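Listing of model.txt, compact mmCIF, C-alpha atoms
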# COMPACT_ATOMS: atom_id res chain seq x y z
CA MET A 16 102.39 141.28 118.49
CA ALA A 17 104.81 142.02 115.64
CA ASN A 18 107.81 141.71 117.98
CA SER A 19 106.47 138.54 119.64
CA ILE A 20 106.35 136.43 116.48
CA LYS A 21 109.60 134.55 115.93
CA LYS A 22 108.29 131.42 114.24
CA ILE A 23 105.27 130.79 112.05
CA GLY A 24 103.64 127.60 110.86
CA VAL A 25 102.24 127.07 107.36
CA TYR A 26 99.90 124.32 106.20
CA THR A 27 97.67 123.33 103.30
CA SER A 28 94.25 121.90 104.07
CA GLY A 29 91.25 120.44 102.26
CA GLY A 30 91.38 119.66 98.55
CA ASP A 31 94.69 120.31 96.81
CA ALA A 32 94.86 123.10 94.26
CA PRO A 33 97.49 124.00 91.65
CA GLY A 34 99.48 126.92 93.05
CA MET A 35 99.56 125.75 96.67
CA ASN A 36 103.30 125.10 96.32
CA ALA A 37 103.79 128.62 94.98
CA ALA A 38 101.97 129.90 98.08
CA ILE A 39 104.12 127.80 100.43
CA ARG A 40 107.20 129.14 98.67
CA GLY A 41 105.93 132.71 99.03
CA VAL A 42 105.27 132.26 102.74
CA VAL A 43 108.61 130.63 103.51
CA ARG A 44 110.83 132.98 101.57
CA SER A 45 108.98 136.11 102.68
CA ALA A 46 109.21 135.06 106.34
CA LEU A 47 112.84 133.97 106.23
CA SER A 48 113.80 137.26 104.59
CA LYS A 49 112.53 138.92 107.79
CA ASN A 50 114.44 136.45 110.01
CA ILE A 51 111.27 134.62 110.99
CA GLU A 52 111.53 130.83 111.28
CA VAL A 53 109.01 128.70 109.39
CA THR A 54 107.63 125.28 110.28
CA GLY A 55 105.74 123.23 107.72
CA ILE A 56 102.77 121.27 109.08
CA GLN A 57 102.11 118.12 107.07
CA HIS A 58 98.69 116.83 106.03
CA GLY A 59 96.86 119.90 107.34
CA TYR A 60 94.97 119.49 110.61
CA VAL A 61 95.90 115.80 110.72
CA GLY A 62 99.56 116.75 111.05
CA MET A 63 98.69 119.35 113.65
CA ILE A 64 97.04 116.71 115.82
CA GLU A 65 99.74 114.09 115.20
CA ASN A 66 102.60 116.59 115.58
CA LYS A 67 103.94 116.03 112.06
CA MET A 68 105.96 119.20 111.54
CA LEU A 69 109.31 120.07 110.01
CA PRO A 70 111.47 123.21 109.63
CA LEU A 71 111.48 124.82 106.19
CA GLN A 72 114.51 126.60 104.70
CA MET A 73 115.14 128.67 101.59
CA ARG A 74 116.55 125.73 99.62
CA ASP A 75 113.52 123.59 100.42
CA MET A 76 111.56 125.93 98.18
CA ALA A 77 113.71 125.37 95.09
CA ASN A 78 111.87 124.18 91.98
CA ILE A 79 108.42 123.89 93.55
CA ILE A 80 106.68 126.95 92.06
CA GLN A 81 105.84 124.99 88.91
CA ARG A 82 104.61 121.86 90.68
CA GLY A 83 100.98 120.94 91.22
CA GLY A 84 99.68 119.49 94.47
CA THR A 85 101.36 120.45 97.73
CA ILE A 86 104.74 119.40 99.13
CA LEU A 87 103.27 119.62 102.63
CA LYS A 88 100.51 117.17 101.69
CA THR A 89 96.92 117.89 102.61
CA GLY A 90 93.89 116.18 104.06
CA ARG A 91 90.61 116.48 105.86
CA SER A 92 90.27 115.68 109.56
CA SER A 93 86.98 114.69 111.16
CA GLU A 94 88.79 114.61 114.52
CA PHE A 95 89.56 118.32 114.30
CA LEU A 96 85.82 119.01 114.52
CA LYS A 97 86.04 117.96 118.18
CA PRO A 98 87.30 120.49 120.79
CA GLU A 99 89.60 117.99 122.52
CA PHE A 100 91.55 117.35 119.31
CA ARG A 101 91.82 121.07 118.64
CA THR A 102 93.32 121.37 122.12
CA THR A 103 95.84 118.67 121.24
CA ALA A 104 96.72 120.53 118.05
CA ALA A 105 97.12 123.83 119.89
CA ASN A 106 99.37 122.20 122.50
CA ASN A 107 101.54 120.70 119.77
CA LEU A 108 101.87 124.09 118.09
CA LYS A 109 102.86 125.74 121.35
CA ALA A 110 105.38 122.96 122.08
CA GLN A 111 106.95 123.74 118.70
CA ASN A 112 107.13 127.43 119.71
CA ILE A 113 104.92 128.42 116.80
CA ASP A 114 103.61 131.96 117.38
CA GLY A 115 101.26 132.26 114.40
CA LEU A 116 99.83 130.31 111.47
CA ILE A 117 99.16 130.76 107.78
CA CYS A 118 96.40 128.49 106.47
CA ILE A 119 96.17 127.77 102.74
CA GLY A 120 92.78 126.24 101.97
CA GLY A 121 89.08 126.81 101.50
CA ASP A 122 86.00 127.50 103.58
CA GLY A 123 86.22 124.38 105.74
CA SER A 124 89.89 124.98 106.43
CA PHE A 125 89.11 128.53 107.50
CA ARG A 126 86.48 127.35 109.96
CA GLY A 127 89.14 125.21 111.59
CA ALA A 128 91.53 128.16 111.64
CA GLN A 129 88.91 130.38 113.20
CA ALA A 130 88.32 127.79 115.94
CA LEU A 131 92.04 127.74 116.78
CA TRP A 132 91.97 131.50 117.21
CA SER A 133 88.74 131.71 119.20
CA GLU A 134 89.55 128.79 121.50
CA HIS A 135 93.33 129.05 121.86
CA GLN A 136 94.21 132.58 120.68
CA ILE A 137 96.70 131.38 118.08
CA PRO A 138 97.08 134.22 115.55
CA ILE A 139 96.16 133.03 112.08
CA VAL A 140 95.91 134.43 108.55
CA GLY A 141 94.18 132.56 105.73
CA ILE A 142 94.94 132.34 102.01
CA ALA A 143 92.17 131.05 99.73
CA GLY A 144 93.36 127.95 97.90
CA THR A 145 90.54 126.00 96.23
CA ILE A 146 89.72 125.20 92.62
CA ASP A 147 86.00 125.81 93.35
CA ASN A 148 86.55 129.56 93.92
CA ASP A 149 83.69 129.50 96.43
CA VAL A 150 85.29 131.44 99.31
CA TYR A 151 83.38 134.56 100.32
CA GLY A 152 85.32 137.83 100.30
CA THR A 153 87.69 137.15 97.43
CA ASP A 154 87.15 137.33 93.68
CA ASP A 155 89.68 134.60 93.00
CA SER A 156 91.33 131.66 94.72
CA ILE A 157 94.53 129.74 94.10
CA GLY A 158 93.99 126.91 91.63
CA PHE A 159 90.77 128.15 90.04
CA ASP A 160 92.34 129.50 86.86
CA THR A 161 94.35 126.31 86.30
CA ALA A 162 91.31 124.09 86.88
CA VAL A 163 89.24 126.10 84.39
CA ASN A 164 91.93 125.83 81.73
CA THR A 165 92.43 122.11 82.38
CA ALA A 166 88.70 121.52 81.93
CA LEU A 167 88.57 123.75 78.86
CA GLN A 168 91.34 121.83 77.12
CA ALA A 169 89.35 118.63 77.59
CA ILE A 170 86.13 120.23 76.39
CA ASP A 171 87.79 121.53 73.22
CA LYS A 172 88.85 117.97 72.40
CA ILE A 173 85.43 116.57 73.19
CA ARG A 174 83.82 119.12 70.87
CA ASP A 175 85.91 117.80 67.97
CA THR A 176 84.43 114.35 68.51
CA ALA A 177 80.94 115.72 69.10
CA ASP A 178 81.10 117.59 65.81
CA SER A 179 82.54 114.64 63.88
CA HIS A 180 79.78 112.29 65.03
CA ASP A 181 76.91 114.80 65.33
CA ARG A 182 76.59 113.95 69.01
CA ILE A 183 75.46 115.48 72.27
CA PHE A 184 78.03 115.37 75.05
CA ILE A 185 77.42 116.05 78.72
CA VAL A 186 80.66 117.08 80.40
CA GLU A 187 80.74 116.97 84.20
CA VAL A 188 83.17 119.33 85.94
CA MET A 189 83.94 119.73 89.63
CA GLY A 190 81.78 121.89 91.86
CA ARG A 191 79.79 120.29 94.65
CA ASN A 192 78.11 123.50 95.82
CA SER A 193 79.81 125.90 93.43
CA GLY A 194 79.16 126.59 89.76
CA TRP A 195 82.16 128.81 89.11
CA ILE A 196 84.14 126.25 87.10
CA ALA A 197 81.05 125.19 85.15
CA SER A 198 80.03 128.74 84.23
CA ARG A 199 83.55 129.76 83.13
CA VAL A 200 84.31 126.69 81.04
CA GLY A 201 80.78 126.66 79.68
CA LEU A 202 81.13 130.16 78.31
CA ALA A 203 84.69 129.68 77.10
CA GLY A 204 83.88 126.29 75.56
CA GLY A 205 80.74 127.38 73.73
CA ALA A 206 78.37 125.13 75.70
CA GLU A 207 74.69 125.12 74.85
CA GLU A 208 73.59 124.54 78.45
CA ILE A 209 75.27 125.03 81.83
CA LEU A 210 73.83 123.37 84.94
CA THR A 211 74.92 124.32 88.45
CA SER A 212 73.51 124.16 91.97
CA ASP A 213 72.03 127.63 91.52
CA ASN A 214 71.07 127.20 87.85
CA ILE A 215 68.87 124.12 87.70
CA ILE A 216 67.18 123.55 84.34
CA PRO A 217 64.27 121.10 83.94
CA VAL A 218 65.01 118.19 81.63
CA ASP A 219 61.99 119.09 79.47
CA LYS A 220 63.52 122.52 78.86
CA ILE A 221 66.92 121.01 77.98
CA VAL A 222 65.26 118.64 75.51
CA GLU A 223 63.28 121.50 73.98
CA ASN A 224 66.45 123.56 73.51
CA LEU A 225 68.33 120.62 71.99
CA LYS A 226 65.51 119.96 69.51
CA ASN A 227 65.34 123.65 68.59
CA SER A 228 69.08 123.65 67.98
CA ARG A 229 68.78 120.66 65.68
CA ALA A 230 65.90 122.30 63.84
CA ARG A 231 68.21 125.24 63.15
CA GLY A 232 70.78 122.86 61.68
CA LYS A 233 73.02 122.43 64.69
CA THR A 234 74.04 118.79 64.78
CA SER A 235 76.23 118.63 67.91
CA SER A 236 75.90 120.09 71.37
CA ILE A 237 77.88 120.37 74.58
CA ILE A 238 76.17 120.50 77.98
CA ILE A 239 78.26 121.40 81.04
CA THR A 240 77.14 120.32 84.48
CA ALA A 241 78.73 120.81 87.88
CA GLU A 242 79.02 117.52 89.77
CA GLY A 243 76.72 118.57 92.62
CA GLN A 244 76.55 116.58 95.86
CA LYS A 245 77.39 113.30 94.12
CA PRO A 246 79.81 112.88 91.20
CA GLY A 247 78.12 111.11 88.31
CA ARG A 248 74.98 113.22 88.03
CA ALA A 249 75.80 113.54 84.30
CA TYR A 250 74.77 109.89 83.83
CA ASP A 251 71.39 110.59 85.44
CA LEU A 252 70.93 113.58 83.16
CA SER A 253 71.89 111.57 80.08
CA GLU A 254 69.37 108.87 80.93
CA ALA A 255 66.63 111.44 81.58
CA ILE A 256 67.28 113.09 78.19
CA ARG A 257 67.16 109.70 76.44
CA LYS A 258 63.85 108.79 78.07
CA LYS A 259 62.28 112.16 77.27
CA SER A 260 63.51 112.52 73.71
CA GLY A 261 65.25 109.41 72.43
CA LEU A 262 68.40 111.48 71.95
CA ASP A 263 71.66 109.78 72.91
CA ALA A 264 73.82 112.00 75.09
CA LYS A 265 77.37 110.75 75.74
CA VAL A 266 78.95 111.45 79.14
CA CYS A 267 82.46 112.57 80.04
CA ILE A 268 83.35 113.10 83.72
CA LEU A 269 86.57 115.10 84.06
CA GLY A 270 86.99 114.39 87.77
CA HIS A 271 90.18 114.89 89.73
CA GLN A 272 92.37 115.72 86.75
CA GLN A 273 91.07 119.26 87.26
CA ARG A 274 92.95 119.42 90.58
CA GLY A 275 96.33 118.39 89.23
CA GLY A 276 98.93 119.72 86.86
CA SER A 277 101.32 122.60 86.74
CA PRO A 278 99.70 125.87 87.90
CA SER A 279 99.07 128.60 85.36
CA ALA A 280 101.05 131.84 85.41
CA HIS A 281 97.97 133.51 86.86
CA ASP A 282 97.79 131.10 89.81
CA ARG A 283 101.54 131.32 90.50
CA ILE A 284 101.38 135.12 90.60
CA LEU A 285 98.20 135.16 92.70
CA ALA A 286 99.69 132.68 95.18
CA SER A 287 102.90 134.67 95.51
CA ARG A 288 101.06 137.94 96.12
CA LEU A 289 98.68 136.47 98.69
CA ALA A 290 101.46 134.62 100.52
CA SER A 291 103.78 137.59 100.90
CA THR A 292 100.93 139.83 102.07
CA ALA A 293 99.76 137.18 104.54
CA VAL A 294 103.20 137.10 106.17
CA GLU A 295 103.27 140.89 106.41
CA ALA A 296 99.80 140.95 107.98
CA LEU A 297 100.68 138.29 110.55
CA LEU A 298 103.89 140.06 111.56
CA ALA A 299 102.00 143.35 111.84
CA GLY A 300 99.71 141.84 114.46
CA ARG A 301 96.63 141.10 112.39
CA LYS A 302 94.88 137.79 113.01
CA ASN A 303 91.70 135.87 112.29
CA ILE A 304 91.64 137.29 108.77
CA MET A 305 91.90 136.09 105.19
CA ILE A 306 93.96 137.84 102.55
CA GLY A 307 91.79 138.01 99.45
CA ILE A 308 91.69 139.87 96.17
CA GLN A 309 88.94 142.21 94.97
CA ALA A 310 89.18 144.14 91.70
CA ASP A 311 92.88 143.11 91.58
CA LYS A 312 93.53 144.76 94.95
CA LEU A 313 94.63 142.70 97.95
CA VAL A 314 92.22 143.00 100.87
CA GLU A 315 91.84 141.73 104.43
CA VAL A 316 88.55 140.05 105.33
CA SER A 317 87.63 138.81 108.80
CA LEU A 318 87.31 135.03 109.02
CA ASP A 319 84.12 135.67 110.99
CA ILE A 320 82.65 137.04 107.76
CA VAL A 321 84.32 134.57 105.40
CA THR A 322 82.95 131.55 107.26
CA THR A 323 79.39 132.81 107.71
CA LYS A 324 78.57 134.24 104.28
CA GLU A 325 78.09 132.41 100.99
CA LYS A 326 79.70 133.46 97.73
CA GLN A 327 77.14 133.62 94.95
CA GLY A 328 77.80 132.39 91.43
CA ASP A 329 77.80 134.66 88.40
CA LYS A 330 74.63 133.88 86.42
CA SER A 331 75.48 136.56 83.88
CA LEU A 332 78.11 134.19 82.42
CA ILE A 333 75.52 131.43 82.06
CA ASN A 334 73.06 133.79 80.38
CA LEU A 335 75.77 135.03 78.01
CA ALA A 336 76.79 131.45 77.16
CA ARG A 337 73.19 130.61 76.27
CA LEU A 338 72.87 133.71 74.09
CA LEU A 339 76.10 133.06 72.20
CA SER A 340 75.53 129.33 71.66
CA VAL A 341 72.53 129.80 69.38
I need this file expressed as structure tokens, please.
Amino acid sequence: MANSIKKIGVYTSGGDAPGMNAAIRGVVRSALSKNIEVTGIQHGYVGMIENKMLPLQMRDMANIIQRGGTILKTGRSSEFLKPEFRTTAANNLKAQNIDGLICIGGDGSFRGAQALWSEHQIPIVGIAGTIDNDVYGTDDSIGFDTAVNTALQAIDKIRDTADSHDRIFIVEVMGRNSGWIASRVGLAGGAEEILTSDNIIPVDKIVENLKNSRARGKTSSIIITAEGQKPGRAYDLSEAIRKKSGLDAKVCILGHQQRGGSPSAHDRILASRLASTAVEALLAGRKNIMIGIQADKLVEVSLDIVTTKEKQGDKSLINLARLLSV
């Protein structure tokens, strides 16, 4: 297999994440240094189906390591869920003489990658790139650190206003099914309560805690909530608190600003390490795997496992945040 790969394709899929460009750069320059050609696939699986591909050279990677987003663009494709469109994508890849793929994305992207391997035997290696950090088999994912710090900067500013006006603020961060951003920024930002999909707190309990805090002389509070299935749940929570207690809780939804911006040093380094190792693994004949990181060691995890198991949140951070916010 190692001798048969002459050209690889690289693509970013799903939600964008700061550090994806650093990963693309790592893939391209690592591959070209081994005399392997690289093709960039635009807009993820959409570009695969529509045959939107272009050759990537060393100079194309200049001055992108510090840029947010992805130069290859990204997207989500409902068509790729259908076998006939996956066949079209596979035929386009073969027509481009692409011998293997590196997928930069999250859980949904990896399911698509796994289908390409199982149905069309296209060797593929995944790199976790998602701000949610919800991919099983890796402690960290590209973009997570930057998203946490972006949210934390906003929360620090909100706390100044909360303190000045003796107010309660509910800050909504990203995380549809994942509470990793919420738990990290909640602890780091000194939040009184952190709500996630796996840490649901009854409104009566929140009101009780807020009243106890005020009885102890605490005049402002920050509540962090993950967005859940529908962005805007913070408004529902604010209204429920008002009805139960009469307390006015202001709402701030951070939204997509958490996805953007220049990646942190941590995410640039992580992306570079994962990318280079992914190229080495692909050229060595490994396929249908993800390159992840566990205890700061790079590991290979089968996509069969990655796509069938769920990564659990860390409730210890939420418990610690509650203890320290008294």
If you measure from atom CA of Ile320 of chain A to atom CA of Gly152 of chain A, what distance in Å do you get, rounded to one decimal?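 Separating atom CA of Ile320 of chain A from atom CA of Gly152 of chain A is a distance of 8.0 Å.
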Which residue, A:Asn50, A:Asn106, A:Ser179, A:Ser193, has the smallest gap to Tyr151 of chain A when you use all atoms listed in the file? A:Ser193
Interatomic distance between atom CA of Ile119 of chain A and atom CA of Val163 of chain A? 19.7 Å
Using all atoms listed in the file for the distances, tell me which of A:Gly24, A:Gly127, A:Gly41, A:Gly205 is nearest to Arg337 of chain A.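 Distance minimum relative to Arg337 of chain A lands on A:Gly205.
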With all atoms listed in the file counted and 12 Å as the cut-off, give the residues of segment 222-263 of chain A in contact with segment 169-173 of chain A, each with its shortest interatomic distance in Å and the pair that gives it, as JSON lines.
{"residue": "A:Ser235", "atom": "CA", "partner": "A:Ile173", "partner_atom": "CA", "distance": 10.8}
{"residue": "A:Ser236", "atom": "CA", "partner": "A:Ile173", "partner_atom": "CA", "distance": 10.3}
{"residue": "A:Ile237", "atom": "CA", "partner": "A:Ile170", "partner_atom": "CA", "distance": 8.4}
{"residue": "A:Ile238", "atom": "CA", "partner": "A:Ile170", "partner_atom": "CA", "distance": 10.1}
{"residue": "A:Ile239", "atom": "CA", "partner": "A:Ile170", "partner_atom": "CA", "distance": 9.2}
Counting all atoms listed in the file, the residue of A:Asp213, A:Glu208, A:Glu65, A:Asp263 that sits nearest Asp181 of chain A: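 Ranking A:Asp213, A:Glu208, A:Glu65, A:Asp263 by distance to Asp181 of chain A, first place goes to A:Asp263.
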From the set A:Ile23, A:Ile185, A:Ile284, A:Ile79, which residue has the shortest atom-to-atom contact distance to Asn112 of chain A, counting all atoms listed in the file?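 Residue with the minimum atom-to-atom distance to Asn112 of chain A: A:Ile23.
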Go through A:Pro33, A:Asp155, A:Gln168, A:Glu295 and flag the residue nearest Gln309 of chain A, using all atoms listed in the file for the distances.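 For Gln309 of chain A, the nearest of the candidates is A:Asp155.
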Could you pull the residues within 12 Å of Gly141 of chain A, counting only C-alpha atoms, minus those fewer than 6 positions along the same chain, as a JSON list (two decimals) with C-alpha atoms, in the coordinates of the input?
[["chain", "number", "residue", "atom", "x", "y", "z"],
["A", 24, "GLY", "CA", 103.64, 127.60, 110.86],
["A", 25, "VAL", "CA", 102.24, 127.07, 107.36],
["A", 26, "TYR", "CA", 99.90, 124.32, 106.20],
["A", 27, "THR", "CA", 97.67, 123.33, 103.30],
["A", 28, "SER", "CA", 94.25, 121.90, 104.07],
["A", 38, "ALA", "CA", 101.97, 129.90, 98.08],
["A", 42, "VAL", "CA", 105.27, 132.26, 102.74],
["A", 115, "GLY", "CA", 101.26, 132.26, 114.40],
["A", 116, "LEU", "CA", 99.83, 130.31, 111.47],
["A", 117, "ILE", "CA", 99.16, 130.76, 107.78],
["A", 118, "CYS", "CA", 96.40, 128.49, 106.47],
["A", 119, "ILE", "CA", 96.17, 127.77, 102.74],
["A", 120, "GLY", "CA", 92.78, 126.24, 101.97],
["A", 121, "GLY", "CA", 89.08, 126.81, 101.50],
["A", 122, "ASP", "CA", 86.00, 127.50, 103.58],
["A", 123, "GLY", "CA", 86.22, 124.38, 105.74],
["A", 124, "SER", "CA", 89.89, 124.98, 106.43],
["A", 125, "PHE", "CA", 89.11, 128.53, 107.50],
["A", 126, "ARG", "CA", 86.48, 127.35, 109.96],
["A", 127, "GLY", "CA", 89.14, 125.21, 111.59],
["A", 128, "ALA", "CA", 91.53, 128.16, 111.64],
["A", 129, "GLN", "CA", 88.91, 130.38, 113.20],
["A", 132, "TRP", "CA", 91.97, 131.50, 117.21],
["A", 150, "VAL", "CA", 85.29, 131.44, 99.31],
["A", 152, "GLY", "CA", 85.32, 137.83, 100.30],
["A", 153, "THR", "CA", 87.69, 137.15, 97.43],
["A", 156, "SER", "CA", 91.33, 131.66, 94.72],
["A", 157, "ILE", "CA", 94.53, 129.74, 94.10],
["A", 286, "ALA", "CA", 99.69, 132.68, 95.18],
["A", 289, "LEU", "CA", 98.68, 136.47, 98.69],
["A", 290, "ALA", "CA", 101.46, 134.62, 100.52],
["A", 291, "SER", "CA", 103.78, 137.59, 100.90],
["A", 292, "THR", "CA", 100.93, 139.83, 102.07],
["A", 293, "ALA", "CA", 99.76, 137.18, 104.54],
["A", 294, "VAL", "CA", 103.20, 137.10, 106.17],
["A", 296, "ALA", "CA", 99.80, 140.95, 107.98],
["A", 297, "LEU", "CA", 100.68, 138.29, 110.55],
["A", 301, "ARG", "CA", 96.63, 141.10, 112.39],
["A", 302, "LYS", "CA", 94.88, 137.79, 113.01],
["A", 303, "ASN", "CA", 91.70, 135.87, 112.29],
["A", 304, "ILE", "CA", 91.64, 137.29, 108.77],
["A", 305, "MET", "CA", 91.90, 136.09, 105.19],
["A", 306, "ILE", "CA", 93.96, 137.84, 102.55],
["A", 307, "GLY", "CA", 91.79, 138.01, 99.45],
["A", 314, "VAL", "CA", 92.22, 143.00, 100.87],
["A", 315, "GLU", "CA", 91.84, 141.73, 104.43],
["A", 316, "VAL", "CA", 88.55, 140.05, 105.33],
["A", 317, "SER", "CA", 87.63, 138.81, 108.80],
["A", 318, "LEU", "CA", 87.31, 135.03, 109.02],
["A", 319, "ASP", "CA", 84.12, 135.67, 110.99],
["A", 321, "VAL", "CA", 84.32, 134.57, 105.40],
["A", 322, "THR", "CA", 82.95, 131.55, 107.26]]
Determine the nearest neighbour of Glu207 of chain A from the options A:Ser277, A:Arg74, A:Glu254, A:Lys226, counting all atoms listed in the file.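 Among A:Ser277, A:Arg74, A:Glu254, A:Lys226, it is A:Lys226 that comes nearest to Glu207 of chain A.
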